[in-house]
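Heads up, the thing below is written out as structure tokens.
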Amino acid sequence: MMFFLRQSDSGYVKSGLRVCIQKRGAMAKLKEWLKETEYRILKGTDECEVTDIIYDSRKACPGTVFLCMRGSTVDSHDFIKEVAAKGCRSIIVEKELNELDLDETATGDLNIIRTENARVTLAMVCAARFGYPASKLSIIGITGTKGKTSCSYMFRAVLEACGHKTGVIGTNGVMIGDRHFETKNTTPDSYEINRWLSLMLEAGCEYAVMECSSQGFKMDRTAGIVFDYGVFLNISPDHIGPLEHADFDEYLYYKSFLFRQCRTAVLNADDEHSEDILKLSECREKKYRFSIKNRDADIYAHDMVFRTDSEFAGTEFSVSGLVRDRFRLAIPGVYNVSNVLAVITVAYDLGLPLERVKEALVSVHIDGRSEVVYRSDSFTVIVDYAHNEISMVNLMDTLRHYEPKRLVVVFGCGGNRSKDRRTGMGRTAASCADFSIITADNSRFERTEDIMSDIEKAFLEAGGRNDAYIKIADRREAIRYAMKNAAQGDIIAVIGKGHEDYQEENGVRHHFLDREEILKIKDELGL
């Protein structure tokens, strides 16, 4: 099969094939869009003119190409008659003609193209449809169980401080300049990825930073993209279940895909699986390792100092190895120091001016990720996305470095999700927090009170004291209680939702953003 990637002795490099330059929505020959994939014509021709590719039958209209995929619950081959009736004449399938429920009347003048892997074909066709935008940008891909979003925004802050306009695709959505766009997945589908990359080009971006999820690789959403840098932060058991990964080995396997299609690998040497990642992949060009523990790494951090006051909340640390200097990062936490080492490593390889890198990190701000929303000489309030046991433990351990008078946590857990999450967070609250306020967090179709009771039970079974927690179902009131009753030197961590701007209950989403509520309550309390 022919891909937009080609393999050389030194690794994967970008194809030298002619770049399609048609504008979005312009007419093109189907064969031009298919030139990077292997296919057979089952019926009709590949000389037909097309304007767009779709995989949702509801969007079918004349000029579109309908790509059929076999999903876990829906087989879109079943909708060929429907899209044909809407005027769509070109169909890409994964089946032979005799496997399709079609007759001559239904097929008529259809052009039916057969491909072995529809998801890979979709990625290749989408790249062509948008003029191969990935080939015109420098792309940094980040993978890891936690820290991808924080790292991506650190990259953006540093690159833009050095004069390089940068777009971001990830959990928090898409950022192009100062414009923010919502997305459904950490790594969107291949059509959306290419559409966003093309819009970044139009906006004058030189770089794109992309969070790369294991599910994205499993679904071939990034097929055909050559990443200039692939960054591995960490991996721990997560996203394992019927609709995600069968087990940890599969999870690790798909995480490694980033390093099959990157030029330079940047890896966290402190993670025990970093070498496994390399063994599973075929990245054979340049490699860097960063660490907060191992002085043999290419770049390592040491001599950390944790500070929080009315002027600054974050970490100061020294870096040695290929880069030697003292840095200040305006985001709390040891794990954020680890994440920023990946940024410093790439900045070194790019030859970015060190002083500008340092200036960017002093003021970097990431919505909902260890975000210091309120700080004073009395107490500090932080918002974080920590929504499972692992991320909650990491956050609580991090905040302990700042030696709070009390560490207060406000949290709930999402409904219609594994109950292991709520019990794990309940146990963590019992062992890591001085006072816990159990509240609502996207109850969905479960009763908030039932979720809170599950957390409470786990909290008490783990040894949590009766006087060390309270249950307040209204999340706003829970935050208000924490702030109203804060003691001198407290750190209050409002966790679980981070950047999310809604509360979901009984299938309905209501606007709710932790940051906004904290600032309103601050004003109400006259702080």
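Identifiers in the structure tokens: chain A, B, ... in order shown; residue index from 1 per chain; ligand index from 1 in order shown.
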How would you write, as number ranges by chain, the set of residues in range 356-497 of chain A that DSSP gives as alpha helix (DSSP H)?
-> A: 356-363, 389-400, 419-432, 448-461, 475-484
Can you pull out every residue within 7 Å of range 471-477 of chain A, counting only C-alpha atoms, but drop anything in the same chain fewer than 2 positions away, and send it as an MDAnalysis selection string?
-> chainID A and resid 437:440 448 469 479:481 517
Residues within 10 Å of range 262-275 of chain A, only C-alpha atoms, excluding chain neighbours under 4 positions, as an NGL selection string = :A and (10-14 or 139-144 or 225-236 or 252 or 256-258 or 279-294 or 296-300 or 338-339 or 341-343 or 345-346 or 349)
Near Ile112 in chain A, within 8 Å and counting only C-alpha atoms, which residues show up once chain neighbours fewer than 5 positions away are dropped, as a PyMOL selection string?
-> chain A and resi 41-45+90-93
Select from range 204-242 of chain A every residue with an atom at most 8 Å from any atom of range 160-164 of chain A, then for each give the shortest pair of atoms and their distance in Å to one decimal, using only C-alpha atoms, rows by chain and rising number, as a tab-separated table.
```
residue	atom	partner	partner_atom	distance
A:Cys205	CA	A:His164	CA	7.2
A:Glu206	CA	A:His164	CA	6.1
A:Tyr207	CA	A:His164	CA	7.1
```
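Between CA of Cys432 in chain A and CA of Glu446 in chain A the separation is 26.9 Å.
Neighbouring residues of Ala26 in chain A at 12 Å or closer, counting only C-alpha atoms and skipping chain neighbours under 6 positions away, are Cys20, Glu49, Val50, Thr51, Asp52, Ile53, Gly63, Thr64, Ala128, Arg129, Phe130 and Gly131 of chain A.
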Selected residues, C-alpha atoms, written as a JSON list (two decimals), in the first residue's frame, please.
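Output below, filename result-v5.json:
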```json
[["chain", "number", "residue", "atom", "x", "y", "z"],
["A", 20, "CYS", "CA", -2.45, 19.29, -4.25],
["A", 49, "GLU", "CA", -15.24, 15.23, -10.18],
["A", 50, "VAL", "CA", -15.78, 15.64, -6.43],
["A", 51, "THR", "CA", -15.96, 18.50, -3.95],
["A", 52, "ASP", "CA", -15.88, 16.90, -0.51],
["A", 53, "ILE", "CA", -15.57, 13.58, 1.33],
["A", 63, "GLY", "CA", -20.33, 16.12, -5.54],
["A", 64, "THR", "CA", -19.57, 14.35, -2.28],
["A", 128, "ALA", "CA", -5.41, 15.53, -0.32],
["A", 129, "ARG", "CA", -8.79, 17.25, -0.07],
["A", 130, "PHE", "CA", -7.25, 20.01, 2.10],
["A", 131, "GLY", "CA", -4.01, 20.27, 0.15]]
```
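Shell of Ala433 in chain A at 10 Å, with only C-alpha atoms counted and residues fewer than 3 places along the chain excluded, is Val393, Met396, Asp397, Leu399, Arg400, Arg406, Leu407, Val408, Val409, Val410, Thr428, Ala429, Ala430, Ser436, Gly464, Ala468, Tyr469, Ile492 and Ala493 of chain A.
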Which of range 154-402 of chain A end up as strand (DSSP E) when DSSP is run on this backbone - answer as a PDB file with C-alpha atoms, in the first residue's frame?
```pdb
ATOM      1  CA  THR A 166       1.305  28.221  16.700  1.00  0.00           C
ATOM      2  CA  GLY A 167      -1.958  26.290  16.608  1.00  0.00           C
ATOM      3  CA  VAL A 168      -3.025  23.640  19.128  1.00  0.00           C
ATOM      4  CA  ILE A 169      -5.319  20.615  18.759  1.00  0.00           C
ATOM      5  CA  GLY A 170      -6.265  18.729  21.916  1.00  0.00           C
ATOM      6  CA  GLY A 173     -10.271  22.144  21.801  1.00  0.00           C
ATOM      7  CA  VAL A 174      -8.455  23.964  18.999  1.00  0.00           C
ATOM      8  CA  MET A 175      -6.563  27.220  19.385  1.00  0.00           C
ATOM      9  CA  ILE A 176      -5.636  29.270  16.318  1.00  0.00           C
ATOM     10  CA  ARG A 179      -9.565  32.001  18.608  1.00  0.00           C
ATOM     11  CA  HIS A 180     -10.830  28.935  20.425  1.00  0.00           C
ATOM     12  CA  PHE A 181     -12.953  26.158  18.891  1.00  0.00           C
ATOM     13  CA  TYR A 207       3.742  25.264  13.998  1.00  0.00           C
ATOM     14  CA  ALA A 208       0.968  22.935  15.092  1.00  0.00           C
ATOM     15  CA  VAL A 209       1.006  21.147  18.450  1.00  0.00           C
ATOM     16  CA  MET A 210      -1.254  18.103  18.641  1.00  0.00           C
ATOM     17  CA  GLU A 211      -2.293  15.912  21.544  1.00  0.00           C
ATOM     18  CA  PHE A 227       5.491  14.627  13.098  1.00  0.00           C
ATOM     19  CA  ASP A 228       8.663  16.658  13.333  1.00  0.00           C
ATOM     20  CA  TYR A 229       8.773  15.837  17.050  1.00  0.00           C
ATOM     21  CA  GLY A 230       7.094  13.037  18.967  1.00  0.00           C
ATOM     22  CA  VAL A 231       6.924  13.567  22.743  1.00  0.00           C
ATOM     23  CA  PHE A 232       6.267  10.759  25.244  1.00  0.00           C
ATOM     24  CA  CYS A 262       8.069  11.118  13.811  1.00  0.00           C
ATOM     25  CA  ARG A 263      11.494  12.434  12.953  1.00  0.00           C
ATOM     26  CA  THR A 264      12.737  13.192  16.458  1.00  0.00           C
ATOM     27  CA  ALA A 265      11.682  11.336  19.611  1.00  0.00           C
ATOM     28  CA  VAL A 266      11.632  13.158  22.963  1.00  0.00           C
ATOM     29  CA  LEU A 267      11.033  10.758  25.856  1.00  0.00           C
ATOM     30  CA  ASN A 268      10.586  10.897  29.607  1.00  0.00           C
ATOM     31  CA  LYS A 286      17.169  11.576  16.515  1.00  0.00           C
ATOM     32  CA  LYS A 287      16.277  10.783  20.145  1.00  0.00           C
ATOM     33  CA  TYR A 288      16.423  12.852  23.337  1.00  0.00           C
ATOM     34  CA  ARG A 289      15.680  11.779  26.908  1.00  0.00           C
ATOM     35  CA  PHE A 290      14.679  14.140  29.719  1.00  0.00           C
ATOM     36  CA  SER A 291      14.443  13.438  33.445  1.00  0.00           C
ATOM     37  CA  ILE A 299      18.350  17.229  29.856  1.00  0.00           C
ATOM     38  CA  TYR A 300      17.491  16.919  33.546  1.00  0.00           C
ATOM     39  CA  ALA A 301      16.003  19.146  36.259  1.00  0.00           C
ATOM     40  CA  HIS A 302      17.221  19.494  39.833  1.00  0.00           C
ATOM     41  CA  ASP A 303      17.219  21.806  42.850  1.00  0.00           C
ATOM     42  CA  MET A 304      13.476  22.501  42.757  1.00  0.00           C
ATOM     43  CA  VAL A 305      11.932  25.171  44.970  1.00  0.00           C
ATOM     44  CA  PHE A 306       8.152  25.406  45.416  1.00  0.00           C
ATOM     45  CA  ARG A 307       6.663  28.868  45.887  1.00  0.00           C
ATOM     46  CA  THR A 308       3.185  30.298  46.329  1.00  0.00           C
ATOM     47  CA  ALA A 313       2.664  30.350  42.350  1.00  0.00           C
ATOM     48  CA  GLY A 314       4.835  27.742  40.731  1.00  0.00           C
ATOM     49  CA  THR A 315       8.216  26.087  40.744  1.00  0.00           C
ATOM     50  CA  GLU A 316      11.805  27.223  40.350  1.00  0.00           C
ATOM     51  CA  PHE A 317      14.358  24.681  39.168  1.00  0.00           C
ATOM     52  CA  SER A 318      17.747  24.271  37.518  1.00  0.00           C
ATOM     53  CA  VAL A 319      18.353  22.418  34.260  1.00  0.00           C
ATOM     54  CA  SER A 320      21.601  20.688  33.333  1.00  0.00           C
ATOM     55  CA  GLY A 321      22.858  18.636  30.427  1.00  0.00           C
ATOM     56  CA  ASP A 325      20.150  27.515  33.321  1.00  0.00           C
ATOM     57  CA  ARG A 326      17.676  28.352  36.078  1.00  0.00           C
ATOM     58  CA  PHE A 327      13.954  28.411  35.198  1.00  0.00           C
ATOM     59  CA  ARG A 328      10.694  29.538  36.819  1.00  0.00           C
ATOM     60  CA  LEU A 329       7.461  27.819  35.795  1.00  0.00           C
ATOM     61  CA  GLU A 371      -4.660  26.740  37.222  1.00  0.00           C
ATOM     62  CA  VAL A 372      -4.184  29.205  40.068  1.00  0.00           C
ATOM     63  CA  VAL A 373      -7.497  31.083  39.961  1.00  0.00           C
ATOM     64  CA  TYR A 374      -7.174  32.991  43.231  1.00  0.00           C
ATOM     65  CA  ARG A 375      -4.186  33.641  45.420  1.00  0.00           C
ATOM     66  CA  PHE A 379      -5.147  31.182  50.881  1.00  0.00           C
ATOM     67  CA  THR A 380      -4.932  29.874  47.313  1.00  0.00           C
ATOM     68  CA  VAL A 381      -7.569  28.270  45.078  1.00  0.00           C
ATOM     69  CA  ILE A 382      -6.489  25.982  42.237  1.00  0.00           C
ATOM     70  CA  VAL A 383      -8.607  24.382  39.494  1.00  0.00           C
ATOM     71  CA  ASP A 384      -7.470  21.122  37.953  1.00  0.00           C
TER      72      ASP A 384
END
```
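Among the candidate residues A:Gly71, A:Ala360, A:Glu99, A:Pro404, the one lying nearest to Asp377 in chain A is A:Pro404, with distances computed using only C-alpha atoms.
Nearest residue to Arg89 in chain A, choosing from A:Ser57, A:Ser310, A:Asn111, A:Asn388 and counting only C-alpha atoms: A:Asn111.
CA of Cys151 in chain A is positioned 18.1 Å from CA of Gly216 in chain A.
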